[in-house]
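Undergrad: Below is the structure I would like to discuss, written out as structure tokens.
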Amino acid sequence: LGRLILPRLQLVEIEDQAWCPALLRDAMTDFLRFFMEKVLPYSAAAPLLARALARMEEPRVVDLCSGGGGPWRDLVQRVPAAGGPAVRVRLTDAYPNLAAYARLSEATGGVIEAEPEPVRVTDVPERLAGFRTLFTALHHFRPPAARAILADAVRRRCGIGVFEITERSFLSLISMLALPVMVLLATPFIRPFRWSRLLLTYLVPLVPLAVWFDGTVSCLRSYRPAELLDLARGPGDDRYAWEAGVVRSASLVTRMTYLIGVPPARPG
């Protein structure tokens, strides 16, 4: 029952909406980044990224839909340790959390950089060159948009990695019930400190409820590996090497789903 796959539902997440106040959105993405830094659910992505980046001889990473910065503070160390290059990462988002990005840039000595202008994943500027990554993000998009995101990477001959820690299963949905409690416990320790985060967590508990709601919707919108491959193998360069699968994270009940796409080597 725990691994029974549910049908995919294209529901709406609060964080995606233009009407979502920036204070609430930043509080939500700050919690998700804090969670990723402490629990390390994406540590299993390091060897996959290391292999793809080494194959392409590409040290530049353009992280799309970065939210509060995602797992990159940990991965900039894990990827080289797993045999990949010493990466430099540029964080991008349609609603960039610049305070969080500045803190990550300072903590990593500039290895992680921020793109200050809004970047929509369906319209990535050509100047942002490098291997593209999306963490806990592709499920936000309907299949035509998700296919367009992957196709644009193919058109630009960019490698791309998609990673998700949500699944369409009853077990994942049940695990989301712990999120409000985790928000309540974690909030005093999240940096940068914001009074607004405390107010929206304890006085008016919008952050715990919104994080739980979006987490539940994320599970119901998640793609399975076979579905990711189907999205990737649309019109485009059929010489691209695509790999999809699921790996277990030692720290979580849920697992990490991934899709990696690498372009063919250039002649000569």
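We name chains A, B, ... following the order of the structure tokens; residues begin at 1 in each chain, and ligands are numbered from 1 as shown.
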May I have the residues within 10 Å of Tyr42 (chain A) as a ChimeraX atom specification, using only C-alpha atoms and disregarding those fewer than 2 positions away in the same chain?
TA: /A:36-37,39-40,44-46,70-72,74-75,135-136,163-165,248-249,251,255-257
Undergrad: Those selected residues, please, written with N, CA, C and O atoms and delivered as a tab-separated table (two decimals), in the first residue's frame.
TA:
chain	number	residue	atom	x	y	z
A	36	MET	N	17.00	20.83	3.59
A	36	MET	CA	17.95	20.13	2.72
A	36	MET	C	19.36	20.16	3.29
A	36	MET	O	20.13	19.20	3.15
A	37	GLU	N	19.72	21.27	3.94
A	37	GLU	CA	21.06	21.37	4.52
A	37	GLU	C	21.23	20.44	5.71
A	37	GLU	O	22.33	19.93	5.96
A	39	VAL	N	19.08	17.61	6.54
A	39	VAL	CA	18.71	16.21	6.31
A	39	VAL	C	19.46	15.61	5.12
A	39	VAL	O	19.63	14.39	5.03
A	40	LEU	N	19.92	16.46	4.20
A	40	LEU	CA	20.69	16.03	3.02
A	40	LEU	C	19.96	14.99	2.17
A	40	LEU	O	20.53	13.95	1.81
A	44	ALA	N	22.35	11.70	-2.59
A	44	ALA	CA	22.46	10.63	-3.59
A	44	ALA	C	22.59	11.17	-5.01
A	44	ALA	O	22.92	10.43	-5.94
A	45	ALA	N	22.35	12.48	-5.19
A	45	ALA	CA	22.51	13.08	-6.52
A	45	ALA	C	23.97	13.31	-6.86
A	45	ALA	O	24.31	13.45	-8.04
A	46	ALA	N	24.86	13.36	-5.86
A	46	ALA	CA	26.26	13.72	-6.10
A	46	ALA	C	26.96	12.80	-7.10
A	46	ALA	O	27.58	13.29	-8.06
A	70	GLY	N	18.23	25.44	-2.35
A	70	GLY	CA	18.22	23.99	-2.49
A	70	GLY	C	19.38	23.30	-1.80
A	70	GLY	O	19.86	23.74	-0.76
A	71	PRO	N	19.89	22.20	-2.40
A	71	PRO	CA	20.91	21.39	-1.73
A	71	PRO	C	22.34	21.74	-2.12
A	71	PRO	O	23.27	20.99	-1.79
A	72	TRP	N	22.57	22.87	-2.79
A	72	TRP	CA	23.88	23.08	-3.39
A	72	TRP	C	24.99	23.38	-2.39
A	72	TRP	O	26.16	23.13	-2.67
A	74	ASP	N	25.71	21.72	0.13
A	74	ASP	CA	26.29	20.40	0.38
A	74	ASP	C	26.89	19.82	-0.89
A	74	ASP	O	28.01	19.27	-0.87
A	75	LEU	N	26.21	19.97	-2.01
A	75	LEU	CA	26.64	19.29	-3.24
A	75	LEU	C	27.91	19.88	-3.84
A	75	LEU	O	28.65	19.17	-4.54
A	135	PHE	N	15.91	20.85	-8.80
A	135	PHE	CA	15.65	20.06	-7.60
A	135	PHE	C	14.25	20.38	-7.09
A	135	PHE	O	13.91	21.55	-6.85
A	136	THR	N	13.45	19.34	-6.92
A	136	THR	CA	12.07	19.48	-6.42
A	136	THR	C	11.34	20.55	-7.22
A	136	THR	O	10.69	21.42	-6.67
A	163	PHE	N	15.85	16.19	-10.30
A	163	PHE	CA	15.87	15.40	-9.07
A	163	PHE	C	14.64	15.75	-8.22
A	163	PHE	O	14.33	16.93	-8.03
A	164	GLU	N	13.97	14.72	-7.72
A	164	GLU	CA	12.76	14.92	-6.91
A	164	GLU	C	12.81	13.98	-5.70
A	164	GLU	O	13.24	12.83	-5.82
A	165	ILE	N	12.34	14.46	-4.55
A	165	ILE	CA	12.24	13.60	-3.36
A	165	ILE	C	10.78	13.35	-2.99
A	165	ILE	O	10.50	12.84	-1.90
A	248	ARG	N	17.45	5.26	-3.16
A	248	ARG	CA	17.00	5.50	-1.78
A	248	ARG	C	17.94	6.46	-1.07
A	248	ARG	O	19.16	6.38	-1.20
A	249	SER	N	17.36	7.38	-0.33
A	249	SER	CA	18.13	8.25	0.53
A	249	SER	C	18.17	7.64	1.92
A	249	SER	O	17.13	7.31	2.49
A	251	SER	N	18.61	8.90	4.69
A	251	SER	CA	18.05	9.71	5.78
A	251	SER	C	16.55	9.88	5.70
A	251	SER	O	15.95	10.48	6.58
A	255	ARG	N	12.16	8.31	-1.44
A	255	ARG	CA	13.31	8.05	-2.27
A	255	ARG	C	13.52	9.21	-3.25
A	255	ARG	O	12.67	10.09	-3.35
A	256	MET	N	14.64	9.22	-3.92
A	256	MET	CA	14.95	10.26	-4.88
A	256	MET	C	14.76	9.73	-6.30
A	256	MET	O	15.39	8.74	-6.69
A	257	THR	N	13.90	10.39	-7.05
A	257	THR	CA	13.72	10.09	-8.47
A	257	THR	C	14.61	11.04	-9.27
A	257	THR	O	14.76	12.21	-8.92
Undergrad: Find the residues around Ala114 (chain A) up to 9 Å (only C-alpha atoms counted), leave out those fewer than 6 positions away in its own chain, and share them as a JSON list (two decimals) with N, CA, C and O atoms, in the first residue's frame.
TA:
[["chain", "number", "residue", "atom", "x", "y", "z"],
["A", 89, "VAL", "N", 28.31, 27.26, -9.27],
["A", 89, "VAL", "CA", 26.86, 27.15, -9.41],
["A", 89, "VAL", "C", 26.24, 28.54, -9.44],
["A", 89, "VAL", "O", 26.56, 29.40, -8.60],
["A", 90, "ARG", "N", 25.36, 28.76, -10.40],
["A", 90, "ARG", "CA", 24.57, 29.99, -10.44],
["A", 90, "ARG", "C", 23.12, 29.64, -10.15],
["A", 90, "ARG", "O", 22.50, 28.85, -10.85],
["A", 91, "LEU", "N", 22.59, 30.23, -9.08],
["A", 91, "LEU", "CA", 21.21, 29.99, -8.67],
["A", 91, "LEU", "C", 20.28, 30.94, -9.40],
["A", 91, "LEU", "O", 20.55, 32.15, -9.50],
["A", 92, "THR", "N", 19.17, 30.41, -9.91],
["A", 92, "THR", "CA", 18.19, 31.23, -10.62],
["A", 92, "THR", "C", 16.78, 30.86, -10.18],
["A", 92, "THR", "O", 16.53, 29.73, -9.75],
["A", 96, "PRO", "N", 13.56, 35.18, -7.23],
["A", 96, "PRO", "CA", 14.82, 34.89, -6.54],
["A", 96, "PRO", "C", 14.81, 35.36, -5.08],
["A", 96, "PRO", "O", 14.41, 36.49, -4.78],
["A", 98, "LEU", "N", 17.01, 36.57, -2.84],
["A", 98, "LEU", "CA", 18.36, 37.11, -2.93],
["A", 98, "LEU", "C", 19.09, 37.10, -1.59],
["A", 98, "LEU", "O", 20.32, 36.93, -1.55],
["A", 101, "TYR", "N", 20.44, 33.64, -1.22],
["A", 101, "TYR", "CA", 21.52, 33.39, -2.17],
["A", 101, "TYR", "C", 22.81, 34.08, -1.72],
["A", 101, "TYR", "O", 23.91, 33.53, -1.87],
["A", 102, "ALA", "N", 22.68, 35.31, -1.19],
["A", 102, "ALA", "CA", 23.86, 36.04, -0.72],
["A", 102, "ALA", "C", 24.53, 35.28, 0.43],
["A", 102, "ALA", "O", 25.77, 35.23, 0.51],
["A", 104, "LEU", "N", 24.47, 32.02, 0.93],
["A", 104, "LEU", "CA", 25.13, 30.84, 0.37],
["A", 104, "LEU", "C", 26.41, 31.22, -0.36],
["A", 104, "LEU", "O", 27.41, 30.50, -0.29],
["A", 105, "SER", "N", 26.40, 32.35, -1.07],
["A", 105, "SER", "CA", 27.59, 32.80, -1.76],
["A", 105, "SER", "C", 28.72, 33.10, -0.77],
["A", 105, "SER", "O", 29.88, 32.71, -0.98]]
Undergrad: Pick the closest to Val207 (chain A) from A:Leu259, A:Val181, A:Arg221, A:Ala100: which is it, counting only C-alpha atoms?
TA: A:Val181
Undergrad: What's around Ala86 (chain A) at 12 Å? Count only C-alpha atoms, leave out sequence neighbours fewer than 5 positions away in its own chain, and write the answer as a PyMOL selection string.
TA: chain A and resi 49-50+53-54+57-61+75-81+111-112
Undergrad: Please identify which residues in region 100-268 of chain A DSSP calls helix (DSSP H, G or I) from the backbone, and express them as number ranges by chain.
TA: A: 100-107, 138-140, 143-155, 170-189, 195-203, 206-221, 225-232
Undergrad: With a distance cut-off of 9 Å and only C-alpha atoms, select the neighbouring residues of Arg132 (chain A), excluding the residue or stretch itself and same-chain residues fewer than 6 positions from it, and output the selection as JSON, numbers by chain.
TA: {"A": [60, 61, 62, 63, 64, 153, 158, 159, 160, 161, 162]}
Undergrad: Output N, CA and C atoms of each residue in that selection to a file, as a PDB file, in the first residue's frame.
TA:
ATOM      1  N   ARG A  60      30.516  24.253 -14.912  1.00  0.00           N
ATOM      2  CA  ARG A  60      29.485  25.263 -14.656  1.00  0.00           C
ATOM      3  C   ARG A  60      28.116  24.602 -14.491  1.00  0.00           C
ATOM      4  N   VAL A  61      27.393  25.043 -13.460  1.00  0.00           N
ATOM      5  CA  VAL A  61      26.042  24.539 -13.204  1.00  0.00           C
ATOM      6  C   VAL A  61      25.096  25.724 -13.130  1.00  0.00           C
ATOM      7  N   VAL A  62      23.982  25.634 -13.832  1.00  0.00           N
ATOM      8  CA  VAL A  62      22.913  26.623 -13.746  1.00  0.00           C
ATOM      9  C   VAL A  62      21.734  25.935 -13.079  1.00  0.00           C
ATOM     10  N   ASP A  63      21.476  26.296 -11.839  1.00  0.00           N
ATOM     11  CA  ASP A  63      20.381  25.687 -11.098  1.00  0.00           C
ATOM     12  C   ASP A  63      19.107  26.488 -11.343  1.00  0.00           C
ATOM     13  N   LEU A  64      18.081  25.828 -11.828  1.00  0.00           N
ATOM     14  CA  LEU A  64      16.818  26.476 -12.172  1.00  0.00           C
ATOM     15  C   LEU A  64      15.795  26.239 -11.062  1.00  0.00           C
ATOM     16  N   ALA A 153      16.975  22.360 -23.235  1.00  0.00           N
ATOM     17  CA  ALA A 153      18.331  21.927 -22.896  1.00  0.00           C
ATOM     18  C   ALA A 153      18.959  21.181 -24.062  1.00  0.00           C
ATOM     19  N   CYS A 158      22.880  21.552 -23.728  1.00  0.00           N
ATOM     20  CA  CYS A 158      23.229  21.588 -22.315  1.00  0.00           C
ATOM     21  C   CYS A 158      22.880  20.246 -21.677  1.00  0.00           C
ATOM     22  N   GLY A 159      23.731  19.773 -20.791  1.00  0.00           N
ATOM     23  CA  GLY A 159      23.319  18.650 -19.970  1.00  0.00           C
ATOM     24  C   GLY A 159      22.257  19.103 -18.988  1.00  0.00           C
ATOM     25  N   ILE A 160      21.471  18.178 -18.485  1.00  0.00           N
ATOM     26  CA  ILE A 160      20.410  18.541 -17.549  1.00  0.00           C
ATOM     27  C   ILE A 160      20.179  17.404 -16.562  1.00  0.00           C
ATOM     28  N   GLY A 161      19.934  17.770 -15.318  1.00  0.00           N
ATOM     29  CA  GLY A 161      19.619  16.806 -14.277  1.00  0.00           C
ATOM     30  C   GLY A 161      18.385  17.235 -13.516  1.00  0.00           C
ATOM     31  N   VAL A 162      17.435  16.331 -13.394  1.00  0.00           N
ATOM     32  CA  VAL A 162      16.179  16.576 -12.687  1.00  0.00           C
ATOM     33  C   VAL A 162      16.135  15.645 -11.482  1.00  0.00           C
TER      34      VAL A 162
END
Undergrad: Which is closer to Arg120 (chain A) than all the others in A:Leu134, A:Met28, A:Cys65, A:Cys20, using only C-alpha atoms?
TA: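 So, comparing all the options, the nearest one is A:Cys65.
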Undergrad: Could you tell me how far CA of Ala18 (chain A) lies from CA of Thr122 (chain A), in Å and to one decimal?
TA: 16.3 Å
Undergrad: Compile the contact shell of Arg239 (chain A) as a list in words: residues with an atom at most 12 Å away, counting only C-alpha atoms, same-chain residues fewer than 4 positions apart removed.
TA: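 Surrounding residues, per the criterion: Val154, Arg157, Ala232, Arg233, Gly234, Pro235, Gly261, Val262, Pro263, Pro264, Ala265 and Arg266 of chain A.
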